[in-house]
>>> print(open('upload.cif').read())   # mmCIF, C-alpha atoms and all ligand atoms
data_input
loop_
_atom_site.label_atom_id
_atom_site.label_comp_id
_atom_site.auth_asym_id
_atom_site.auth_seq_id
_atom_site.Cartn_x
_atom_site.Cartn_y
_atom_site.Cartn_z
CA MET A 1 -7.53 10.74 -18.03
CA GLY A 2 -4.62 11.80 -15.93
CA SER A 3 -1.70 12.80 -18.04
CA ALA A 4 -0.72 16.38 -18.70
CA LYS A 5 1.73 16.83 -21.54
CA SER A 6 2.33 20.56 -21.54
CA ILE A 7 2.19 23.49 -19.21
CA PHE A 8 -0.82 24.69 -21.23
CA GLN A 9 -2.70 21.48 -20.42
CA VAL A 10 -1.90 21.79 -16.73
CA VAL A 11 -2.96 25.41 -16.63
CA SER A 12 -6.17 24.87 -18.57
CA ARG A 13 -7.27 21.62 -16.92
CA PHE A 14 -6.30 22.24 -13.33
CA ASN A 15 -7.35 25.87 -13.20
CA THR A 16 -9.58 25.71 -10.13
CA GLU A 17 -9.36 24.12 -6.70
CA ASP A 18 -12.41 21.99 -7.56
CA ALA A 19 -10.78 20.66 -10.74
CA CYS A 20 -7.66 19.70 -8.75
CA ILE A 21 -9.72 18.01 -6.04
CA ALA A 22 -11.77 16.09 -8.61
CA HIS A 23 -8.57 14.90 -10.28
CA LEU A 24 -6.93 13.88 -6.99
CA GLU A 25 -10.10 12.00 -6.06
CA ARG A 26 -10.10 10.14 -9.38
CA ILE A 27 -6.48 9.03 -9.17
CA ARG A 28 -6.51 8.21 -5.45
CA TRP A 29 -9.75 6.24 -5.58
CA PRO A 30 -10.19 5.10 -9.21
CA LYS A 31 -12.87 2.57 -8.17
CA GLY A 32 -14.83 5.04 -6.08
CA LEU A 33 -14.37 6.68 -2.69
CA ARG A 34 -13.25 4.52 0.21
CA CYS A 35 -12.78 5.20 3.88
CA LEU A 36 -9.12 5.76 4.71
CA ARG A 37 -9.58 4.01 8.04
CA CYS A 38 -12.01 1.11 7.60
CA GLY A 39 -11.97 0.83 3.80
CA LYS A 40 -15.77 0.80 3.47
CA LYS A 41 -17.50 2.51 0.57
CA ARG A 42 -20.36 4.54 2.02
CA ILE A 43 -18.87 8.02 2.12
CA MET A 44 -20.58 11.41 2.55
CA ARG A 45 -19.08 14.61 1.23
CA PHE A 46 -19.37 17.90 3.02
CA GLN A 47 -17.66 21.27 3.23
CA ALA A 48 -16.41 23.04 6.30
CA GLU A 49 -14.47 26.16 7.04
CA GLY A 50 -10.88 25.52 8.07
CA LYS A 51 -8.89 27.40 10.71
CA THR A 52 -7.72 29.95 8.15
CA GLY A 53 -11.22 30.53 6.81
CA LYS A 54 -10.43 28.50 3.69
CA GLU A 55 -13.19 26.16 2.57
CA ARG A 56 -12.29 22.52 3.13
CA HIS A 57 -13.71 19.61 1.18
CA LEU A 58 -14.14 16.71 3.55
CA TYR A 59 -15.38 13.13 3.52
CA GLU A 60 -17.07 11.25 6.31
CA CYS A 61 -17.39 7.51 6.50
CA VAL A 62 -20.99 6.48 7.24
CA ASP A 63 -19.81 3.31 8.99
CA CYS A 64 -17.00 4.47 11.25
CA ARG A 65 -17.60 8.24 11.18
CA TYR A 66 -13.99 8.91 10.22
CA GLN A 67 -13.47 12.33 8.61
CA TYR A 68 -10.70 13.07 6.14
CA SER A 69 -9.84 15.33 3.23
CA VAL A 70 -8.71 14.53 -0.30
CA THR A 71 -5.17 15.58 0.65
CA ALA A 72 -4.95 13.39 3.76
CA GLY A 73 -1.69 11.46 3.66
CA THR A 74 -0.40 13.24 0.54
CA ILE A 75 2.44 15.73 0.27
CA PHE A 76 -0.10 18.60 0.28
CA HIS A 77 -1.56 17.67 3.62
CA ASP A 78 -1.84 20.69 5.94
CA SER A 79 -0.60 23.07 3.25
CA HIS A 80 -2.35 26.42 3.04
CA LEU A 81 -1.26 26.83 -0.59
CA PRO A 82 -3.91 26.21 -3.24
CA LEU A 83 -3.72 22.89 -5.06
CA VAL A 84 -3.56 24.83 -8.33
CA LYS A 85 -0.10 26.03 -7.31
CA TRP A 86 0.97 22.60 -6.12
CA PHE A 87 -0.04 20.98 -9.42
CA LEU A 88 1.89 23.59 -11.38
CA ALA A 89 4.91 23.28 -9.11
CA ILE A 90 5.00 19.51 -9.59
CA TYR A 91 4.71 19.90 -13.34
CA LEU A 92 7.50 22.49 -13.42
CA ILE A 93 9.84 20.41 -11.25
CA CYS A 94 9.13 17.18 -13.12
CA SER A 95 9.49 18.59 -16.61
CA ALA A 96 12.45 20.95 -16.22
CA LYS A 97 15.48 19.00 -17.34
CA LYS A 98 17.88 21.11 -15.33
CA GLY A 99 15.78 21.44 -12.22
CA VAL A 100 13.87 24.36 -10.76
CA SER A 101 15.08 26.41 -7.81
CA ALA A 102 12.86 27.47 -4.93
CA LEU A 103 13.41 31.06 -6.02
CA GLN A 104 12.04 30.33 -9.50
CA LEU A 105 9.01 28.60 -7.95
CA GLN A 106 8.40 31.58 -5.69
CA ARG A 107 8.50 33.96 -8.64
CA GLU A 108 6.59 31.89 -11.22
CA LEU A 109 3.82 30.80 -8.84
CA GLU A 110 3.64 34.07 -6.91
CA ILE A 111 4.24 32.42 -3.57
CA GLY A 112 4.45 34.78 -0.62
CA SER A 113 7.72 33.72 0.95
CA TYR A 114 10.90 32.02 -0.15
CA LYS A 115 10.60 29.69 2.82
CA THR A 116 7.20 28.43 1.65
CA ALA A 117 8.49 27.90 -1.90
CA TRP A 118 11.50 26.03 -0.54
CA TYR A 119 9.30 23.81 1.61
CA MET A 120 7.08 23.07 -1.39
CA ALA A 121 10.04 22.08 -3.59
CA HIS A 122 11.42 19.99 -0.74
CA ARG A 123 8.14 18.05 -0.32
CA ILE A 124 7.91 17.43 -4.06
CA ARG A 125 11.51 16.15 -4.14
CA LEU A 126 10.72 13.80 -1.26
CA ALA A 127 7.82 12.42 -3.28
CA MET A 128 10.12 11.87 -6.25
CA ARG A 129 12.36 9.37 -4.48
CA ASP A 130 12.52 5.90 -5.97
CA ASP A 131 12.98 3.77 -2.90
CA PRO A 132 15.54 1.02 -3.73
CA GLN A 133 13.61 -1.31 -1.45
CA PHE A 134 10.75 -1.30 -3.92
CA CYS A 135 12.77 -1.12 -7.14
CA ARG A 136 13.97 -4.07 -9.17
CA LYS A 137 17.69 -4.67 -9.53
CA PHE A 138 19.40 -3.80 -12.81
CA ALA A 139 20.44 -6.66 -15.13
CA GLY A 140 22.46 -7.18 -18.31
CA ILE A 141 25.06 -4.51 -18.98
CA VAL A 142 25.23 -1.81 -16.31
CA GLU A 143 27.57 1.17 -16.25
CA VAL A 144 28.96 2.34 -12.92
CA ASP A 145 30.90 5.55 -12.53
CA GLU A 146 31.81 7.96 -9.78
CA THR A 147 32.34 11.70 -9.63
CA TYR A 148 32.57 14.61 -7.21
CA ILE A 149 29.85 17.22 -6.78
CA GLY A 150 30.12 20.66 -5.23
CA GLY A 151 33.18 22.48 -3.96
CA SER A 152 34.62 25.70 -5.22
CA ARG A 153 36.39 24.50 -8.33
CA PRO A 154 34.21 23.21 -11.16
CA GLY A 155 34.74 19.96 -13.02
CA ARG A 156 36.43 16.74 -12.15
CA CYS A 157 39.33 17.56 -9.85
CA GLY A 158 40.76 14.17 -9.21
CA ARG A 159 39.74 11.65 -6.62
CA GLY A 160 39.62 12.69 -2.99
CA ALA A 161 39.29 16.36 -3.87
CA ALA A 162 38.60 18.29 -0.70
CA ASN A 163 35.33 20.10 -0.25
CA LYS A 164 33.49 17.88 -2.72
CA VAL A 165 30.99 15.10 -2.14
CA PRO A 166 31.70 11.79 -3.87
CA VAL A 167 28.74 10.46 -5.80
CA VAL A 168 28.29 7.14 -7.54
CA GLY A 169 25.82 6.24 -10.26
CA ILE A 170 24.63 3.12 -12.03
CA LYS A 171 22.86 2.97 -15.37
CA GLU A 172 21.18 -0.04 -16.93
CA ARG A 173 22.10 -0.07 -20.61
CA ALA A 174 18.88 -1.69 -21.88
CA SER A 175 16.33 0.47 -20.06
CA GLY A 176 18.40 3.63 -19.65
CA LYS A 177 17.32 3.81 -15.99
CA VAL A 178 19.71 5.27 -13.44
CA ARG A 179 20.22 5.38 -9.68
CA LEU A 180 22.49 7.95 -8.08
CA GLN A 181 23.84 8.08 -4.56
CA ALA A 182 25.98 10.41 -2.47
CA MET A 183 28.75 8.50 -0.67
CA SER A 184 30.92 9.10 2.36
CA ASN A 185 33.89 7.60 0.49
CA LEU A 186 34.73 5.75 -2.72
CA ARG A 187 36.60 2.82 -1.25
CA ALA A 188 35.90 -0.71 -2.50
CA PRO A 189 33.55 -1.80 0.33
CA ALA A 190 31.30 1.25 -0.14
CA LEU A 191 31.15 0.77 -3.92
CA ALA A 192 30.50 -2.94 -3.46
CA ARG A 193 27.53 -2.19 -1.20
CA PHE A 194 26.12 0.22 -3.77
CA ILE A 195 26.56 -2.16 -6.72
CA ARG A 196 25.10 -5.13 -4.82
CA LEU A 197 22.09 -3.05 -3.81
CA HIS A 198 21.27 -2.10 -7.40
CA ALA A 199 22.68 -4.78 -9.74
CA LYS A 200 21.51 -8.35 -10.14
CA LYS A 201 23.95 -11.21 -9.69
CA GLY A 202 25.59 -11.99 -13.04
CA ALA A 203 25.19 -8.45 -14.43
CA GLU A 204 28.04 -7.23 -16.64
CA VAL A 205 29.44 -4.19 -14.86
CA HIS A 206 31.31 -1.63 -16.96
CA THR A 207 33.58 0.79 -15.09
CA ASP A 208 36.76 2.75 -15.57
CA GLU A 209 40.03 1.39 -14.17
CA PHE A 210 39.64 2.92 -10.70
CA ALA A 211 41.21 0.47 -8.22
CA SER A 212 38.11 0.43 -6.03
CA TYR A 213 36.42 -1.66 -8.74
CA ASN A 214 39.08 -4.41 -8.80
CA TRP A 215 37.07 -6.66 -6.47
CA LEU A 216 34.51 -7.00 -9.29
CA ASN A 217 36.94 -9.33 -11.12
CA ARG A 218 36.54 -11.90 -8.36
CA SER A 219 32.86 -11.36 -7.66
CA GLU A 220 29.43 -12.62 -8.65
CA PHE A 221 29.44 -10.03 -11.48
CA LYS A 222 31.18 -9.89 -14.85
CA HIS A 223 33.53 -6.94 -15.02
CA GLU A 224 34.77 -4.88 -17.98
CA ALA A 225 36.91 -1.81 -17.47
CA VAL A 226 37.93 1.00 -19.85
CA ASN A 227 41.08 3.04 -19.49
CA HIS A 228 40.06 6.68 -19.48
CA THR A 229 43.47 8.08 -20.31
CA LYS A 230 43.90 5.94 -23.44
CA THR A 231 40.45 5.19 -24.75
CA TYR A 232 36.89 5.83 -23.74
CA VAL A 233 35.25 3.04 -25.70
CA ARG A 234 36.37 -0.55 -26.29
CA GLY A 235 33.75 -2.42 -28.31
CA ASN A 236 30.58 -1.98 -26.27
CA VAL A 237 32.56 -1.37 -23.09
CA HIS A 238 32.16 2.21 -21.92
CA VAL A 239 30.64 4.37 -19.23
CA ASN A 240 29.50 7.16 -21.56
CA GLY A 241 25.87 6.83 -20.50
CA ILE A 242 26.48 7.53 -16.85
CA GLU A 243 29.03 10.25 -17.69
CA THR A 244 26.33 12.05 -19.67
CA VAL A 245 24.19 11.92 -16.54
CA TRP A 246 26.97 13.60 -14.53
CA SER A 247 27.41 16.41 -17.00
CA LEU A 248 23.63 17.04 -17.12
CA PHE A 249 23.47 17.01 -13.34
CA LYS A 250 26.39 19.41 -12.99
CA ARG A 251 24.91 21.81 -15.53
CA GLY A 252 21.61 21.58 -13.65
CA ILE A 253 23.30 22.54 -10.42
CA ALA A 254 25.09 25.44 -12.05
CA GLY A 255 21.94 26.66 -13.76
CA ALA A 256 19.28 26.30 -11.12
CA PHE A 257 20.93 26.03 -7.73
CA HIS A 258 23.62 28.40 -6.56
CA HIS A 259 25.03 25.74 -4.39
CA VAL A 260 23.72 22.48 -3.11
CA SER A 261 24.34 21.83 0.54
CA PRO A 262 25.77 18.32 1.09
CA LYS A 263 22.81 17.74 3.39
CA TYR A 264 20.34 18.04 0.52
CA LEU A 265 22.46 16.51 -2.22
CA PRO A 266 20.81 13.07 -1.83
CA LEU A 267 17.39 14.65 -2.46
CA TYR A 268 18.59 16.51 -5.55
CA LEU A 269 20.15 13.30 -6.86
CA ASP A 270 16.90 11.42 -6.31
CA GLU A 271 14.88 14.13 -8.01
CA PHE A 272 17.24 14.16 -10.95
CA ALA A 273 17.21 10.36 -11.32
CA PHE A 274 13.42 10.30 -11.00
CA ARG A 275 13.08 12.81 -13.82
CA LEU A 276 15.45 10.85 -16.08
CA ASN A 277 13.74 7.56 -15.27
CA HIS A 278 10.23 8.83 -15.87
CA ARG A 279 10.81 11.10 -18.83
CA ASN A 280 8.79 8.88 -21.17
CA HIS A 281 5.87 8.54 -18.81
CA ASP A 282 3.12 11.02 -19.48
CA ASN A 283 1.62 10.38 -16.05
CA LEU A 284 4.55 11.86 -14.15
CA LEU A 285 2.26 14.40 -12.52
CA ASP A 286 -0.02 11.62 -11.29
CA ALA A 287 2.94 9.56 -10.09
CA VAL A 288 3.93 12.40 -7.77
CA LEU A 289 0.34 13.35 -6.87
CA THR A 290 -0.44 9.89 -5.52
CA THR A 291 2.75 9.56 -3.52
CA THR A 292 1.87 9.54 0.11
CA GLY A 293 4.09 11.72 2.20
ZN ZN B 301 -14.72 4.11 7.86
#
>>> encode(input="upload.cif", output="structure tokens")
Amino acid sequence: MGSAKSIFQVVSRFNTEDACIAHLERIRWPKGLRCLRCGKKRIMRFQAEGKTGKERHLYECVDCRYQYSVTAGTIFHDSHLPLVKWFLAIYLICSAKKGVSALQLQRELEIGSYKTAWYMAHRIRLAMRDDPQFCRKFAGIVEVDETYIGGSRPGRCGRGAANKVPVVGIKERASGKVRLQAMSNLRAPALARFIRLHAKKGAEVHTDEFASYNWLNRSEFKHEAVNHTKTYVRGNVHVNGIETVWSLFKRGIAGAFHHVSPKYLPLYLDEFAFRLNHRNHDNLLDAVLTTTG
């Protein structure tokens, strides 16, 4: 149980509020209901009318009398939107390779206001963050590359281009996993912090010949650099994997978002990396559903 592999499956399986609640219950408490406060197992179910007149499905702990709903502590908490729409929104955002704009969500899910659709997309993106604190460090060969996002002129306009946000990415060759981060600058200390946060000591770091990577030659990492102007690949030394990520991300921005405010760029980067990193998992929907927010 759990996975949904197509929009048809989502629509046909999670077609009522009760079906969504039953599914949330199953994935939040796979071994049976538990009190969110005291952890005990004697739980009563009941229904009550919420402030808006909407029926609420609630639980009450027999031991400590604590009352809570199936959405308590999740990204849907306090939302007046039906879970059916939330489930579909998560599926759409997770499965669309180039991202989904708030405007598309509003239209496809018939959501009353743009603001509500934007808030929904924002909450889902928050749930899609892979917190580096809880993620393992990359090992073996890793590719590191930097680029600029945003600004008026498209494409790669040289380093330090005004009006653009520098972004750095790292990709583990063996697993294909990536992490992406918006930066305030691309000087050596900032890049060193990023690489040390995500790469294991002894990893073989492939980069281009950007001077901010020179410190790698005297570091705890192995370093291989390719010269972009002469050759893109030298043996197995290249940064093609992470460059593919940049081009996908830039096309996604052009296709789905008219412009990304620098303020929200980190969230879009996280969402994008999450989708790439989980594309082979069929329980993507459940991964987001069980994120507490
Ligand atoms: Zn309790």
>>> residues_near_ligand(input="upload.cif", ligand="ligand ZN 301 (chain B)", cutoff="9 Å", atoms="only C-alpha atoms and all ligand atoms", output="ChimeraX atom specification")
/A:34-43,60-67
>>> atom_distance(input="upload.cif", atom1="CA of Tyr213 in chain A", atom2="CA of Val245 in chain A")
19.9 Å
>>> residues_around(input="upload.cif", residues="Lys177 in chain A", least_positions_apart="6", cutoff="8 Å", atoms="only C-alpha atoms", output="short mmCIF file (atom, residue, chain, number, x, y, z; two decimals) with C-alpha atoms, keeping the file's coordinate frame")
data_model
loop_
_atom_site.label_atom_id
_atom_site.label_comp_id
_atom_site.auth_asym_id
_atom_site.auth_seq_id
_atom_site.Cartn_x
_atom_site.Cartn_y
_atom_site.Cartn_z
CA LYS A 171 22.86 2.97 -15.37
CA LEU A 276 15.45 10.85 -16.08
CA ASN A 277 13.74 7.56 -15.27
#
>>> residues_around(input="upload.cif", residues="Glu220 in chain A", least_positions_apart="4", cutoff="9 Å", atoms="all atoms listed in the file", output="JSON, numbers by chain")
{"A": [201, 202, 203, 216]}
>>> residues_around(input="upload.cif", residues="Ala48 in chain A", least_positions_apart="6", cutoff="7 Å", atoms="all atoms listed in the file", output="VMD selection string")
chain A and resid 55 to 57
>>> residues_around(input="upload.cif", residues="Phe194 in chain A", least_positions_apart="3", cutoff="10 Å", atoms="only C-alpha atoms", output="NGL selection string")
:A and (144 or 168-170 or 179-181 or 183 or 188-191 or 197-199)
>>> closest_residue(input="upload.cif", among="A:Ile27, A:Leu284, A:Ile21, A:Val165", to="Leu186 in chain A", atoms="all atoms listed in the file")
A:Val165
>>> atom_distance(input="upload.cif", atom1="CA of Glu224 in chain A", atom2="CA of Ala139 in chain A")
14.7 Å
>>> atom_distance(input="upload.cif", atom1="CA of Gly235 in chain A", atom2="CA of His278 in chain A")
28.9 Å
>>> closest_residue(input="upload.cif", among="A:Glu25, A:Asp18, A:Glu49, A:Glu108", to="Ala72 in chain A", atoms="all atoms listed in the file")
A:Glu25
>>> axis_aligned_box(input="upload.cif", around="range 104-112 of chain A", padding_each_side="4 Å", output="JSON")
{"center_x": 7.8, "center_y": 31.7, "center_z": -5.9, "size_x": 16.4, "size_y": 14.2, "size_z": 18.6}
>>> closest_atom_pairs(input="upload.cif", of="range 24-103 of chain A", to="range 112-119 of chain A", cutoff="10 Å", atoms="only C-alpha atoms", output="tab-separated table")
residue	atom	partner	partner_atom	distance
A:Ser79	CA	A:Thr116	CA	9.6
A:His80	CA	A:Thr116	CA	9.9
A:Leu81	CA	A:Thr116	CA	8.9
A:Ala89	CA	A:Ala117	CA	9.3
A:Ser101	CA	A:Trp118	CA	8.1
A:Ala102	CA	A:Trp118	CA	4.8
A:Leu103	CA	A:Tyr114	CA	6.5
>>> closest_residue(input="upload.cif", among="A:Val205, A:Val237, A:Leu58, A:Ile75", to="Ile90 in chain A", atoms="only C-alpha atoms")
A:Ile75
>>> closest_residue(input="upload.cif", among="A:Ile111, A:Gly241, A:Gly50, A:Asp208", to="Val226 in chain A", atoms="all atoms listed in the file")
A:Asp208
>>> closest_residue(input="upload.cif", among="A:Arg218, A:Phe210, A:Phe87, A:Ser6", to="Asp286 in chain A", atoms="only C-alpha atoms")
A:Phe87
>>> closest_residue(input="upload.cif", among="A:Phe274, A:Tyr68, A:Trp29, A:Tyr268", to="His122 in chain A", atoms="all atoms listed in the file")
A:Tyr268
